[in-house]
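Participant: Okay, here's the structure, questions in a sec.
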Amino acid sequence: MFKEKFDITGMTCTNCSMHVEKAVSKLAGVSEVKVNLMSNNMVVEYDENSLKSSDIVNAVVSAGYGATSTTDGVPKEHKQDESKTDEAQKVKNQLISSAIFFIPLFYICMGHMIGLPLPSFLSGNENMGVNALMQLCLTIPLMYINRGYIIRGTKALINKSPNMDTLTSLGVVTSFLFSLYSLFEMVHHMGHGHLDMAMENHNLYFETAGMIPTFVTIGKYLEARSKKKTTSVVEKLIGLSPNTATVIKDGREVEIPIEQLQVGDILTLKHGEKIACDGSIIEGNCMVDQSAITGESIPVDKSIGDSLIGGTVSVGGFCKFKAEKVGSNTMISQIIELVEETAGSKSSFTRIADKISSIFVPTIVSIAIIVTIVWLAMGYGIGFAIGMGISVVVISCPCALGLATPTAVMTGTGRGAENGILIKSAETLEKTSYANTIVLDKTGTVTEGKPEVTDIIPIGISEDELLRYALSIEKLSQHPLAEAICERCSEVLPYTVHTFESLAGFGLVGNVNSKRLLGGNIKLMNDNSIDVSAVKSMEETLSNQGKTVTYFALDGSLIGIIALADTIKPSSIDAITELKLMGMEVILLTGDNSKTANYVGNIIKADKVISEVLPQDKERVISDLKQKGKNVIMVGDGINDAPALISADTGISLCSGTDIAMDVADIILMKNSLLDGVTAIQLSRAVMKNIKQNLFWAFFYNAISIPIASGVFYLSLGLKLNPIVSSIAMSFSSIFVVTNALRLRKFKPTFDGKYHYETKQVKKNTPNVIEKVIHIDGMMCNHCVSTVTKVLNAIDGVSATVSLDDNCAYVSLTKNVQDSILIDTISDEDFTVTSIEVKG
């Protein structure tokens with residue numbers, strides 16, 4: 001069997017993808033067909049002996065769509081299709097162009113209903129012809145701008161696969177043609193001086209022909225923004241691996257392209273370098289930041305025999321390692337493949353309107369034809385009969401049906417954005433509303449994502465003295481644990497350290513006042529014969545709480561220990577409480593060790609804890625939950641969470657996470673709080689309830705109005721609807737749908753006002769320091785915060801902490817730095833300083 005990939009053009013909804021899949025599946029020799037609407041491609045597995053690639057293309061073309069093969073032997077992760085344009089920008093431009101003509105058209109046609117005045121040359125019976133021509137001139141450009149709906153809808157109808165475009169096409173074309181017919185009738189009567197008859201034929205509803213495609217375009221724009229996520233994710237995953245690797249050949253270090261690496265090559269690894277492939281250490285030792293792959297917040301010590309993962313980074317030491325997996329066999333390559341496969345298997349959002357369109361459209365057309373024939377058979381004139389038929393089509397025009405989803409989605413996502421919740425698509429809202437299980441990554445999601453000092457236990461000296469010794473030696477290290485200790489010791493003065501040495505995998509050694517000072521792990525203490533029995537029970541207790549213990553010894557004697565841990569966010573505990581009140585099952589999923597995971601799980605009261613899992617294991621856990629019938633939300637912030645985020649029904653990422661996690665996620669929480677995740681779930685449920693209400697009204701409206709428009713009550717009650725009345729009725733149905741959707745603007749989570757958290761501010765440690773608060777406009781996420789923090793701290797004499805909660809930078813100045821320098825520095829990063837105030 002041969003597997004081949006095709007790009008498909010012309011698909012707009014799930015009916016389209018189903019029709020393409022059905023057309024190809026009928027071919028002899030085809031064993032499997034997978035059509036991905038989001039990426040507009042198709043993978044076909046078939047027998048080369050009985051079928052050709054051209055046969056598959058022809059089958060797709062015959063179904064009314066386009067197809068081109070993209071399988072050419074070039075590895076996908078190195079291919080880029082420059083011919084593809086930004087679909088979201090294209091639809092946005094289409095929407096803007098539509099609005100230019102739609103707004104004046106709508107004002108002319110509907111403004112009088114709410115008391116808006118018309119210009120004198122368009123008002124009055126004597127100007128009805130000018131008014132009608134103005135409507136025509138505004139409608140034709142709108143139809144041309146949105147001609148794609150008409151073309152695709154017509155093709156779909158011809159190919160017996162009607163979709164939302166078919167509904168749009170029928171509404172636009174029918175409305176325009178009848179309006180054009182009425183315009184000619186009106187001009188004819190006016191030309192013969194029959195003003196009364198001209199007024200009777202003033203049955204224009206050009207605004208309908210313009211309103212339908214404009215609102216549909218809004219919905220298309222909302223969807224288009226999420227279609228490029230798979231490509232961008234793969235590109236950023238590839239960026240984890242270096243372009244070159246340093247190998248040892250003939251006793252010399254040689255730098256070669258990563259593509260030339262072979263299994264068995266010996267590579268060197270220095271501080272700060274990315275690991276080029278999977279392998280194992282054969283000489284030396286190092287410290288590796290594996291957070292991109294495993295999610296562990298603390299670097300891992302590696303020595304001879306330990307494995308290394310490609311794409312991770314050395315943060316200390318030197319070693320040589322042997323390549324064991326290269327190219328597509330490395331773990332990072334497998335993650336890339338997993339992301340692509342998961343994205344391809346993830347079903348796209350199926351609109352309720354699209355689900356019923358295959359029945360609704362032919363039914364309405366059939367009713368309209370039958371109505372016309374019946375009235376003709378009953379002896380009524382052709383004009384009367386055609387008018388009845390057109391009234392059926394017009395009053396069944398899918399305006400309210402088309403508005404039901406996008407108006408609720410737009411209002412709901414807008415409300416979410418106001419609360420710092422970015423929702424990428426309507427599909428996300430639907431799937432999130434059905435979720436009953438939420439899986440939480442630990443590091444950076446439930447916890448702060450960086451180590452903090454939790455316990456200080458001095459032995460034989462005071463706590464301040466222990467902190468002085470700790471700061472003295474730890475400030476010379478770049479290890480994350482050292483940074484955390486230094487931050488805690490910021491209020492004490494360090495000693496001067498001589499002959500400092502960093503031992504990768506062990507700790508730090510130096511001399512203070514002619515005394516040998518050690519700071520590191522238990523292995524460093526044992527190698528230097530330091531007695532740690534006095535703190536053994538405390539160390540066990542701390543370790544069981546998921547904490548990392550650093551020992552300190554002076555002149556051969558233990559002087560204390562400092563414990564560190566990745567602390568739990570206060571908002572995480574409250575969020576999980578709310579999730580359980582909503583009936584959600586809460587699962588903690590992490591790459592960390594079981595001790596740490598279970599400790600955190602007990603504190604947050606998770607229903608289940610799954611620890612020590614690699615990225616592919618995380619995805620497998622999500623898949624297993626889905627196979628058991630659960631609707632799953634995954635919350636994470638790291639690259640290692642990407643496959644699981646895509647595999648879940650809904651992926652949620654915190655803004656403090658990696659770009660890759662945010663790209664693949666369906667929802668981004670700008671405030672980095674799990675409570676906003678709770679808000680997102682409640683908002684999605686409110687939006688879906690609103691959509692169902694809107695769809696019910698749209699169909700209820702049709703169920704009542706179609707019989708009246710057909711003339712069912714004309715003979716007995718004299719009740720009928722001409723096209724203009726049908727148009728007005730249709731407009732009112734749309735107004736009802738929009739008004740109902742706007743109620744979502746008042747949405748608030750059930751716990752609104754229940755929890756409050758203080759904003760962290762700069763501590764005033766030095767009396768000679770000038771403290772200032774800079775108010776900044778334009779910061780949206782922690783990436784913005786990181787940028788502003790970095791540029792401010794780069795200024796000599798400036799120490800800054802930036803808060804997203806109140807959009808302020810808290811600055812400590814030890815030198816005379818002018819405000820203009822601060823303003824220019826921030827402005828260069830495209831942010832705006834609104835004010836600067838001096839504190840104290």
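Simple scheme: letters A, B, ... for chains in structure tokens order, numbers from 1 for residues in each chain, numbers from 1 for ligands in the order shown.
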Excluding Met525 in chain A and its own-chain neighbours fewer than 5 positions away, which residues fall within 10 Å of it when counting only C-alpha atoms? Please give them as a compact mmCIF listing (two decimals) with N, CA, C and O atoms, in the first residue's frame.

Facilitator:
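Result went into out-v4.txt, see below:
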```txt
# COMPACT_ATOMS: atom_id res chain seq x y z
N PHE A 506 27.25 18.18 41.29
CA PHE A 506 27.52 18.09 42.73
C PHE A 506 27.17 19.39 43.45
O PHE A 506 26.37 19.40 44.37
N GLY A 507 27.79 20.50 43.03
CA GLY A 507 27.52 21.77 43.70
C GLY A 507 28.67 22.74 43.55
O GLY A 507 29.37 22.75 42.53
N LEU A 518 31.20 24.77 51.28
CA LEU A 518 30.57 23.88 50.30
C LEU A 518 29.08 24.18 50.24
O LEU A 518 28.44 24.44 51.26
N GLY A 519 28.53 24.11 49.04
CA GLY A 519 27.09 24.25 48.85
C GLY A 519 26.63 23.36 47.72
O GLY A 519 27.06 23.56 46.57
N GLY A 520 25.80 22.34 48.02
CA GLY A 520 25.40 21.44 46.95
C GLY A 520 24.52 20.31 47.44
O GLY A 520 23.87 20.40 48.49
N ILE A 530 31.20 14.95 54.99
CA ILE A 530 30.42 15.83 55.86
C ILE A 530 29.32 15.02 56.53
O ILE A 530 28.55 14.32 55.86
N ASP A 531 29.22 15.12 57.86
CA ASP A 531 28.19 14.39 58.61
C ASP A 531 26.86 15.12 58.49
O ASP A 531 26.71 16.28 58.91
N VAL A 532 25.85 14.45 57.87
CA VAL A 532 24.53 15.08 57.67
C VAL A 532 23.46 14.36 58.46
O VAL A 532 22.26 14.56 58.23
N TYR A 551 22.57 21.48 50.69
CA TYR A 551 23.33 21.43 51.93
C TYR A 551 24.45 22.47 51.90
O TYR A 551 25.04 22.75 50.83
N PHE A 552 24.80 23.00 53.07
CA PHE A 552 25.90 23.94 53.20
C PHE A 552 26.80 23.49 54.35
O PHE A 552 26.32 23.14 55.45
N ALA A 553 28.13 23.47 54.07
CA ALA A 553 29.10 23.04 55.08
C ALA A 553 30.27 24.02 55.10
O ALA A 553 30.66 24.57 54.05
N GLY A 556 34.35 21.59 57.02
CA GLY A 556 34.10 20.20 57.33
C GLY A 556 32.87 19.93 58.17
O GLY A 556 32.60 18.77 58.50
N SER A 557 32.13 20.98 58.56
CA SER A 557 30.94 20.78 59.39
C SER A 557 29.70 21.35 58.70
O SER A 557 29.75 22.42 58.08
N LEU A 558 28.59 20.62 58.84
CA LEU A 558 27.33 21.06 58.26
C LEU A 558 26.82 22.29 59.02
O LEU A 558 26.76 22.30 60.25
```

Participant: Excluding Val439 in chain A and its own-chain neighbours fewer than 3 positions away, which residues fall within 9 Å of it when counting only C-alpha atoms? Please give them as JSON, numbers by chain.

Facilitator: {"A": [585, 586, 587, 588, 589, 622, 632, 633, 634, 635, 636]}

Participant: Going by DSSP on the backbone, which residues of range 533-704 of chain A come out as strand (DSSP E)? List them as JSON, numbers by chain.

Facilitator: {"A": [548, 549, 550, 551, 552, 553, 554, 557, 558, 559, 560, 561, 562, 563, 564, 565, 566, 567, 568, 585, 586, 587, 588, 589, 608, 609, 610, 632, 633, 634, 635, 636, 650, 651, 652, 653, 654, 667, 668, 669]}

Participant: Next, write the just-selected residues to a file, as a CSV table (one decimal), in the first residue's frame, keeping N, CA and C atoms as the atom set.

Facilitator:
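Written out: out21.csv:
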```csv
chain,number,residue,atom,x,y,z
A,548,THR,N,13.5,20.2,46.9
A,548,THR,CA,14.9,19.9,46.7
A,548,THR,C,15.7,20.5,47.8
A,549,VAL,N,16.6,19.7,48.4
A,549,VAL,CA,17.4,20.2,49.5
A,549,VAL,C,18.8,20.5,49.1
A,550,THR,N,19.3,21.7,49.5
A,550,THR,CA,20.7,22.1,49.2
A,550,THR,C,21.4,22.2,50.6
A,551,TYR,N,22.6,21.5,50.7
A,551,TYR,CA,23.3,21.4,51.9
A,551,TYR,C,24.5,22.5,51.9
A,552,PHE,N,24.8,23.0,53.1
A,552,PHE,CA,25.9,23.9,53.2
A,552,PHE,C,26.8,23.5,54.4
A,553,ALA,N,28.1,23.5,54.1
A,553,ALA,CA,29.1,23.0,55.1
A,553,ALA,C,30.3,24.0,55.1
A,554,LEU,N,30.8,24.2,56.3
A,554,LEU,CA,31.9,25.2,56.5
A,554,LEU,C,33.0,24.5,57.3
A,557,SER,N,32.1,21.0,58.6
A,557,SER,CA,30.9,20.8,59.4
A,557,SER,C,29.7,21.3,58.7
A,558,LEU,N,28.6,20.6,58.8
A,558,LEU,CA,27.3,21.1,58.3
A,558,LEU,C,26.8,22.3,59.0
A,559,ILE,N,26.5,23.4,58.3
A,559,ILE,CA,26.0,24.6,58.9
A,559,ILE,C,24.5,24.8,58.6
A,560,GLY,N,23.9,24.0,57.8
A,560,GLY,CA,22.5,24.1,57.5
A,560,GLY,C,22.0,23.6,56.2
A,561,ILE,N,20.7,23.6,56.0
A,561,ILE,CA,20.2,23.2,54.7
A,561,ILE,C,19.1,24.2,54.3
A,562,ILE,N,18.9,24.4,53.0
A,562,ILE,CA,17.9,25.2,52.4
A,562,ILE,C,17.1,24.4,51.5
A,563,ALA,N,15.8,24.4,51.7
A,563,ALA,CA,14.9,23.6,50.8
A,563,ALA,C,14.2,24.5,49.8
A,564,LEU,N,14.0,24.0,48.6
A,564,LEU,CA,13.4,24.8,47.5
A,564,LEU,C,12.3,23.9,46.8
A,565,ALA,N,11.3,24.6,46.3
A,565,ALA,CA,10.2,23.9,45.6
A,565,ALA,C,9.6,24.8,44.6
A,566,ASP,N,8.9,24.2,43.7
A,566,ASP,CA,8.1,25.0,42.7
A,566,ASP,C,6.7,25.1,43.4
A,567,THR,N,6.5,26.3,44.0
A,567,THR,CA,5.3,26.5,44.8
A,567,THR,C,4.0,26.6,44.0
A,568,ILE,N,2.9,26.2,44.7
A,568,ILE,CA,1.6,26.1,44.0
A,568,ILE,C,1.0,27.5,44.0
A,585,GLU,N,-14.0,16.2,36.4
A,585,GLU,CA,-13.0,15.4,37.0
A,585,GLU,C,-11.7,16.0,36.8
A,586,VAL,N,-10.8,16.1,37.8
A,586,VAL,CA,-9.5,16.8,37.7
A,586,VAL,C,-8.4,15.8,37.8
A,587,ILE,N,-7.5,15.9,36.8
A,587,ILE,CA,-6.4,14.9,36.7
A,587,ILE,C,-5.1,15.8,36.6
A,588,LEU,N,-4.1,15.5,37.5
A,588,LEU,CA,-2.8,16.1,37.4
A,588,LEU,C,-1.9,15.2,36.6
A,589,LEU,N,-1.3,15.8,35.6
A,589,LEU,CA,-0.4,15.0,34.6
A,589,LEU,C,0.9,15.8,34.5
A,608,LYS,N,-7.0,12.5,40.4
A,608,LYS,CA,-6.1,11.4,40.0
A,608,LYS,C,-4.7,12.1,39.7
A,609,VAL,N,-3.6,11.5,40.0
A,609,VAL,CA,-2.3,12.0,39.7
A,609,VAL,C,-1.5,11.0,38.8
A,610,ILE,N,-1.0,11.5,37.7
A,610,ILE,CA,-0.2,10.7,36.8
A,610,ILE,C,1.1,11.4,36.6
A,632,VAL,N,-12.4,15.9,27.0
A,632,VAL,CA,-11.3,16.2,27.8
A,632,VAL,C,-10.7,17.6,27.4
A,633,ILE,N,-10.4,18.4,28.5
A,633,ILE,CA,-9.7,19.7,28.4
A,633,ILE,C,-8.3,19.4,28.9
A,634,MET,N,-7.3,19.9,28.1
A,634,MET,CA,-5.9,19.8,28.6
A,634,MET,C,-5.4,21.2,28.8
A,635,VAL,N,-4.8,21.4,30.0
A,635,VAL,CA,-4.2,22.7,30.3
A,635,VAL,C,-2.7,22.6,30.5
A,636,GLY,N,-1.9,23.3,29.7
A,636,GLY,CA,-0.4,23.2,29.8
A,636,GLY,C,0.2,24.5,29.3
A,650,THR,N,-10.2,20.2,23.9
A,650,THR,CA,-9.9,21.6,24.0
A,650,THR,C,-8.5,21.7,24.7
A,651,GLY,N,-7.6,22.4,24.0
A,651,GLY,CA,-6.3,22.7,24.6
A,651,GLY,C,-6.2,24.1,25.2
A,652,ILE,N,-5.8,24.3,26.4
A,652,ILE,CA,-5.7,25.6,27.0
A,652,ILE,C,-4.3,25.8,27.5
A,653,SER,N,-3.8,27.0,27.1
A,653,SER,CA,-2.4,27.4,27.4
A,653,SER,C,-2.4,28.7,28.2
A,654,LEU,N,-1.4,28.8,29.1
A,654,LEU,CA,-1.2,30.0,29.8
A,654,LEU,C,-0.3,30.9,29.0
A,667,ILE,N,-7.4,27.8,23.5
A,667,ILE,CA,-7.7,28.9,24.4
A,667,ILE,C,-6.4,29.4,25.1
A,668,ILE,N,-6.2,30.7,25.2
A,668,ILE,CA,-5.0,31.2,25.9
A,668,ILE,C,-5.5,32.1,27.0
A,669,LEU,N,-4.9,31.8,28.2
A,669,LEU,CA,-5.3,32.6,29.4
A,669,LEU,C,-4.2,33.7,29.6
```

Participant: Using only C-alpha atoms, which of the listed residues (A:Glu612, A:Glu578, A:Asp47, A:Asp455) sits closest to Thr541 in chain A?

Facilitator: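 Closest residue, counting only C-alpha atoms: A:Asp455.
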
Participant: Please compute the CA of Glu255 in chain A-CA of Ile309 in chain A distance, one decimal, in Å.

Facilitator: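 So the two atoms, CA of Glu255 in chain A and CA of Ile309 in chain A, lie 19.3 Å apart.
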
Participant: So that I can check the surroundings of range 320-333 of chain A, please list as an MDAnalysis selection string every protein, DNA and RNA residue that reaches within 10 Å of it, counting only C-alpha atoms and ignoring chain neighbours fewer than 5 positions away.

Facilitator: chainID A and resid 75 77 234 237:238 240:241 247:248 258:270 275:286 292:293 304:312 338:339 614:616 640

Participant: Taking into account only C-alpha atoms, which residue in the set A:Arg415, A:Arg147, A:Lys3, A:Lys52 is nearest to Ala28 in chain A?

Facilitator: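 Nearest candidate to Ala28 in chain A out of A:Arg415, A:Arg147, A:Lys3, A:Lys52: A:Lys52.
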
Participant: Compare A:Ala794, A:Ile826, A:Ile457, A:Val91 by their minimum atom-to-atom distance to Met538 in chain A, counting only C-alpha atoms, and give me the closest one.

Facilitator: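 Nearest to Met538 in chain A: A:Ile457.
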
Participant: Neighbours of range 477-493 of chain A within 9 Å (only C-alpha atoms; same-chain residues fewer than 3 positions away dropped), as a short mmCIF file (atom, residue, chain, number, x, y, z; two decimals) with C-alpha atoms, in the first residue's frame?

Facilitator:
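Produced file part-v3.cif, reproduced below:
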```
data_model
loop_
_atom_site.label_atom_id
_atom_site.label_comp_id
_atom_site.auth_asym_id
_atom_site.auth_seq_id
_atom_site.Cartn_x
_atom_site.Cartn_y
_atom_site.Cartn_z
CA SER A 297 11.40 22.99 36.06
CA ILE A 298 14.77 22.14 37.63
CA PRO A 299 17.80 21.09 35.50
CA VAL A 315 23.28 24.62 31.52
CA GLY A 316 26.58 23.54 33.05
CA LYS A 450 10.25 28.27 39.03
CA PRO A 451 11.88 27.17 42.31
CA GLU A 452 11.46 29.25 45.46
CA VAL A 453 13.01 28.87 48.91
CA ASP A 464 20.97 35.24 58.86
CA GLU A 465 24.49 33.82 59.03
CA LEU A 467 21.88 33.04 54.41
CA ARG A 468 25.10 35.12 54.22
CA ALA A 470 24.63 30.72 51.04
CA LEU A 471 24.51 34.03 49.15
CA SER A 472 28.30 34.28 49.11
CA ILE A 473 28.76 31.15 47.06
CA GLU A 474 25.44 30.82 45.22
CA SER A 502 31.53 24.76 40.19
CA LEU A 508 29.85 24.66 44.54
CA THR A 548 14.88 19.91 46.65
CA THR A 550 20.71 22.09 49.23
CA ILE A 562 17.90 25.24 52.43
CA LEU A 564 13.38 24.76 47.50
CA ASN A 765 15.44 47.62 50.49
#
```

Participant: Using only C-alpha atoms, find the one residue out of A:Ile370, A:Val172, A:Leu183, A:Val678 that sits nearest to Ser433 in chain A.

Facilitator: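 So, comparing all the options, the nearest one is A:Val678.
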